[in-house]
Structures are given as structure tokens and as C-alpha cells.
Amino acid sequence: MARMNTVTYLLGTKFHKMAYTEFGNPAAPAVLCVHGLTRNGRDFDPLAEALADKFHVICPDLPGRGKSDWLGEAGLYQPASYVAALSHLLAVLGKPVAWVGTSLGGICGMMLAAAGNTPISRMVLNDVGPHIPAAALKRIRDYMVAAPDRFISVAELEAHLRDIHAPFGDLTDAQWAHLARYAARPVLDQTGKGGFAMHYDPKIVEPLKATIPIDVDMWPLWSMVRMPLLVIRGAQSDLLLEETFLRMESEGAYTHIVPDAGHAPALMDEAGIAVVRKFLEDEL
């Protein structure tokens, strides 16, 4: 059963709260699952439920997403801020953790895994690597800028998710409904009429809008990540390119390809969950 909790972290001159959902026995080995740019921790519910018999699974909402506090300034929505919040969570957990990171969650994971005395013992990178193409960043920026401010219903919001996140893979209706349920934030328009918005601070797009997308090279950071690694790639991904994926494999990472997905596999399918579980159990 899911349990809700929060951790308090200091960013700049203000304390904030980051929400997280946890599953399983807190005394069990820990798995920390961190979502992508516009998502939230409830994306991992199916994976967490499948792992909860053996692991303590913790799924935070990054700052500005889900039930976590929004940040006062758009410029704070940067990986360094997320790493600061996540490091507080790691300190509260106080034990080694395995890391599952999708997209932005994987970038944060690499940053923390490269640090001295890291508590991260092994890591799953879901459709992200040390090279991020400018074209993929532009695509993400463009769909965020074009997203409606308000949806009349959760069903309309779900239709939007099915469109922009079609590369998540071949999800069932129930899975799309689950994503939409936790992606929806009730709002009122200027006339007091109700509706729904995406469950994140609209300011998270500002840092992307303020810069011209360029290729991001994190190979020096990657070279400092020493623990066992599993890299998952959607076969049609435009963010984790095949050449990057193959280089990561050649440098020792275990790999898995999701054939019907792009960026980024939802990790809701039985095959993907089984691969992650085997890796976490050190059976790959």
C-alpha cells in the first residue's frame, strides 16, 4: 500500500517540502525512483507495487511537481536544485539505495552517483545517457510551451497525455487513466469555472525557453559513475541515441531495449519490470 510522506530541504534562503510516496517495508533494501521533467512520482506505482515484496521503494515528486512545493523563482528549476532536494531525502533515508531514474531523474542520478561517498549502490537509467541531443531538448521545450493552460476535464487532459507521451509505449487504457489522474491539478479560471491543469509549476519551462537548445555532453560525469548500471532505451528514442546507448553498453552497462517505445518507456510493462527487478536483485 502506498504511503505519503515529505522531506524538508533548504534551497537558497528558504526551506521547502518535497513529497514522496513509499511502498514496502522501510527495513528492506531501498530503491529510489525519480521521474522525468514534467511527470511525478506516481508514474512508478506499477513498478513500486511489483517490487514492494522485497524492497522499500521511494518515489519523490521533484520540486515544483505533484504534491511538492513550488519554487519561488523559475531560474531555480535546474538539476542542481533537484539534486539538493534529493540529497536531503538520501540523508533522511540514511542507507544505501538503488536508483531508478527516467530522463531528468537519470541525470540527477548520475550527478549524485558521481559524488564521493555516494549512497547509490546500483543504478537504472531509463532512456537517458551522457549525451542529450539538442533536437530532443527542442521537442520537449516545444510541447511544454504549446501545452494548454487548462483542460475542461481529466479525460481531455488524458487525451493530451496520449498525444505528447505516445512514445511511453503501448499502455492500456487503465495505465493512461492512472497517469492522467496524477497529472491533473484542479484549477479555476478567471470566472471561477473549474477545470484541470498539468500537475507542475508552469515556471518549470522557463529555463528551457530562456536558452537555445544545444547538445549536452556529460561523458566526463559518466566516467565517474562506478556502480553497476542498467540502461533502458526505447527503440525509437530521440533522446538516448543508439550510438550513445551502444557506447554505454561497451563501457560495461547492462542494457535493455523496449521495442514499442521512444522517449521514455513508462516501465509499466511486465517485461520491463522483470528486467529492472532482476537487475536490482543482482541476477542479470
# chains A, B, ... in the order shown; residues from 1 in each chain; ligands from 1
$ select_by_dssp --residues "range 91-224 of chain A" --states "strand (DSSP E)" --output "ChimeraX atom specification"
/A:97-102,120-126,131-132,184-188,194-198,216-217
$ write_last_selection --atoms "N, CA and C atoms" --output "PDB file, in the first residue's frame"
ATOM      1  N   VAL A  97      21.044   3.014  -1.392  1.00  0.00           N
ATOM      2  CA  VAL A  97      19.860   2.930  -2.239  1.00  0.00           C
ATOM      3  C   VAL A  97      20.251   2.515  -3.645  1.00  0.00           C
ATOM      4  N   ALA A  98      19.354   1.781  -4.287  1.00  0.00           N
ATOM      5  CA  ALA A  98      19.425   1.594  -5.738  1.00  0.00           C
ATOM      6  C   ALA A  98      18.600   2.707  -6.369  1.00  0.00           C
ATOM      7  N   TRP A  99      19.035   3.193  -7.517  1.00  0.00           N
ATOM      8  CA  TRP A  99      18.411   4.363  -8.152  1.00  0.00           C
ATOM      9  C   TRP A  99      17.786   3.950  -9.468  1.00  0.00           C
ATOM     10  N   VAL A 100      16.526   4.334  -9.678  1.00  0.00           N
ATOM     11  CA  VAL A 100      15.863   4.184 -10.968  1.00  0.00           C
ATOM     12  C   VAL A 100      15.486   5.583 -11.427  1.00  0.00           C
ATOM     13  N   GLY A 101      16.091   6.044 -12.513  1.00  0.00           N
ATOM     14  CA  GLY A 101      15.866   7.410 -12.960  1.00  0.00           C
ATOM     15  C   GLY A 101      15.430   7.468 -14.408  1.00  0.00           C
ATOM     16  N   THR A 102      14.273   8.082 -14.648  1.00  0.00           N
ATOM     17  CA  THR A 102      13.786   8.290 -16.010  1.00  0.00           C
ATOM     18  C   THR A 102      14.152   9.695 -16.468  1.00  0.00           C
ATOM     19  N   ILE A 120      24.448   5.653  -3.433  1.00  0.00           N
ATOM     20  CA  ILE A 120      23.833   4.893  -4.524  1.00  0.00           C
ATOM     21  C   ILE A 120      24.675   3.650  -4.815  1.00  0.00           C
ATOM     22  N   SER A 121      24.044   2.492  -4.722  1.00  0.00           N
ATOM     23  CA  SER A 121      24.763   1.225  -4.861  1.00  0.00           C
ATOM     24  C   SER A 121      24.688   0.648  -6.266  1.00  0.00           C
ATOM     25  N   ARG A 122      23.612   0.916  -6.976  1.00  0.00           N
ATOM     26  CA  ARG A 122      23.436   0.498  -8.366  1.00  0.00           C
ATOM     27  C   ARG A 122      22.383   1.400  -8.977  1.00  0.00           C
ATOM     28  N   MET A 123      22.360   1.469 -10.312  1.00  0.00           N
ATOM     29  CA  MET A 123      21.506   2.481 -10.931  1.00  0.00           C
ATOM     30  C   MET A 123      20.906   1.983 -12.239  1.00  0.00           C
ATOM     31  N   VAL A 124      19.618   2.301 -12.415  1.00  0.00           N
ATOM     32  CA  VAL A 124      18.904   2.080 -13.677  1.00  0.00           C
ATOM     33  C   VAL A 124      18.689   3.438 -14.323  1.00  0.00           C
ATOM     34  N   LEU A 125      19.169   3.596 -15.544  1.00  0.00           N
ATOM     35  CA  LEU A 125      18.949   4.819 -16.315  1.00  0.00           C
ATOM     36  C   LEU A 125      17.929   4.507 -17.398  1.00  0.00           C
ATOM     37  N   ASN A 126      16.759   5.122 -17.279  1.00  0.00           N
ATOM     38  CA  ASN A 126      15.677   4.854 -18.220  1.00  0.00           C
ATOM     39  C   ASN A 126      15.647   5.917 -19.307  1.00  0.00           C
ATOM     40  N   HIS A 131      24.923  11.785 -23.320  1.00  0.00           N
ATOM     41  CA  HIS A 131      24.776  12.713 -24.442  1.00  0.00           C
ATOM     42  C   HIS A 131      23.298  12.940 -24.691  1.00  0.00           C
ATOM     43  N   ILE A 132      22.879  14.229 -24.676  1.00  0.00           N
ATOM     44  CA  ILE A 132      21.483  14.575 -24.932  1.00  0.00           C
ATOM     45  C   ILE A 132      21.440  15.496 -26.141  1.00  0.00           C
ATOM     46  N   ALA A 184      -3.215  15.522 -13.134  1.00  0.00           N
ATOM     47  CA  ALA A 184      -4.253  16.553 -13.154  1.00  0.00           C
ATOM     48  C   ALA A 184      -4.256  17.351 -11.856  1.00  0.00           C
ATOM     49  N   ARG A 185      -4.272  18.673 -11.993  1.00  0.00           N
ATOM     50  CA  ARG A 185      -4.360  19.598 -10.848  1.00  0.00           C
ATOM     51  C   ARG A 185      -5.603  20.460 -11.006  1.00  0.00           C
ATOM     52  N   PRO A 186      -6.554  20.406 -10.054  1.00  0.00           N
ATOM     53  CA  PRO A 186      -7.765  21.233 -10.181  1.00  0.00           C
ATOM     54  C   PRO A 186      -7.427  22.723 -10.168  1.00  0.00           C
ATOM     55  N   VAL A 187      -8.040  23.482 -11.069  1.00  0.00           N
ATOM     56  CA  VAL A 187      -7.820  24.927 -11.150  1.00  0.00           C
ATOM     57  C   VAL A 187      -9.143  25.626 -11.433  1.00  0.00           C
ATOM     58  N   LEU A 188      -9.175  26.924 -11.181  1.00  0.00           N
ATOM     59  CA  LEU A 188     -10.306  27.768 -11.535  1.00  0.00           C
ATOM     60  C   LEU A 188      -9.844  28.828 -12.522  1.00  0.00           C
ATOM     61  N   GLY A 194     -14.397  25.760 -13.024  1.00  0.00           N
ATOM     62  CA  GLY A 194     -13.402  24.740 -12.714  1.00  0.00           C
ATOM     63  C   GLY A 194     -12.824  24.079 -13.950  1.00  0.00           C
ATOM     64  N   GLY A 195     -11.699  23.446 -13.755  1.00  0.00           N
ATOM     65  CA  GLY A 195     -11.025  22.702 -14.804  1.00  0.00           C
ATOM     66  C   GLY A 195      -9.790  22.054 -14.220  1.00  0.00           C
ATOM     67  N   PHE A 196      -8.878  21.660 -15.089  1.00  0.00           N
ATOM     68  CA  PHE A 196      -7.673  20.973 -14.652  1.00  0.00           C
ATOM     69  C   PHE A 196      -6.460  21.486 -15.423  1.00  0.00           C
ATOM     70  N   ALA A 197      -5.320  21.538 -14.727  1.00  0.00           N
ATOM     71  CA  ALA A 197      -4.046  21.875 -15.351  1.00  0.00           C
ATOM     72  C   ALA A 197      -3.071  20.749 -15.069  1.00  0.00           C
ATOM     73  N   MET A 198      -1.959  20.760 -15.785  1.00  0.00           N
ATOM     74  CA  MET A 198      -0.921  19.777 -15.508  1.00  0.00           C
ATOM     75  C   MET A 198      -0.373  20.008 -14.105  1.00  0.00           C
ATOM     76  N   VAL A 216      24.021  18.322 -25.090  1.00  0.00           N
ATOM     77  CA  VAL A 216      24.565  18.278 -23.728  1.00  0.00           C
ATOM     78  C   VAL A 216      25.516  17.097 -23.631  1.00  0.00           C
ATOM     79  N   ASP A 217      26.759  17.367 -23.245  1.00  0.00           N
ATOM     80  CA  ASP A 217      27.796  16.341 -23.133  1.00  0.00           C
ATOM     81  C   ASP A 217      28.114  16.107 -21.663  1.00  0.00           C
TER      82      ASP A 217
END
$ residues_around --residues "Arg65 in chain A" --least-positions-apart "2" --cutoff "8 Å" --atoms "only C-alpha atoms" --output "MDAnalysis selection string"
chainID A and resid 38:40 61:63 67:70 199:201
$ atom_distance --atom1 "CA of Gly64 in chain A" --atom2 "CA of Leu239 in chain A"
22.9 Å
$ closest_atom_pairs --of "range 12-87 of chain A" --to "range 103-119 of chain A" --cutoff "8 Å" --atoms "only C-alpha atoms" --output "CSV"
residue,atom,partner,partner_atom,distance
A:Cys33,CA,A:Gly105,CA,7.8
A:Val34,CA,A:Gly105,CA,4.6
A:His35,CA,A:Gly105,CA,5.0
A:Gly36,CA,A:Leu104,CA,4.7
A:Leu37,CA,A:Leu104,CA,5.6
A:Pro79,CA,A:Cys108,CA,6.3
A:Tyr82,CA,A:Cys108,CA,7.1
A:Val83,CA,A:Cys108,CA,5.9
A:Ser87,CA,A:Leu112,CA,7.8
$ closest_residue --among "A:Ala274, A:Val128, A:Ile214, A:Ala177" --to "Ile232 in chain A" --atoms "only C-alpha atoms"
A:Val128
$ residues_around --residues "range 51-54 of chain A" --least-positions-apart "5" --cutoff "7 Å" --atoms "only C-alpha atoms" --output "PDB file with C-alpha atoms, in the first residue's frame"
ATOM      1  CA  PHE A  23       5.928   1.225  -0.688  1.00  0.00           C
ATOM      2  CA  GLY A  24       7.119  -1.886   1.117  1.00  0.00           C
ATOM      3  CA  ALA A  28      14.105  -3.597   3.349  1.00  0.00           C
ATOM      4  CA  ARG A 277      13.761  -6.457 -10.744  1.00  0.00           C
TER       5      ARG A 277
END
$ residues_around --residues "Glu206 in chain A" --least-positions-apart "4" --cutoff "12 Å" --atoms "only C-alpha atoms" --output "list in words"
Glu73, Ala74, Gly75, Leu76, Tyr77, Gln78, Arg141, Asp142, Met144, Val145, Asp201, Pro202, Ala210, Thr211 and Ile212 of chain A
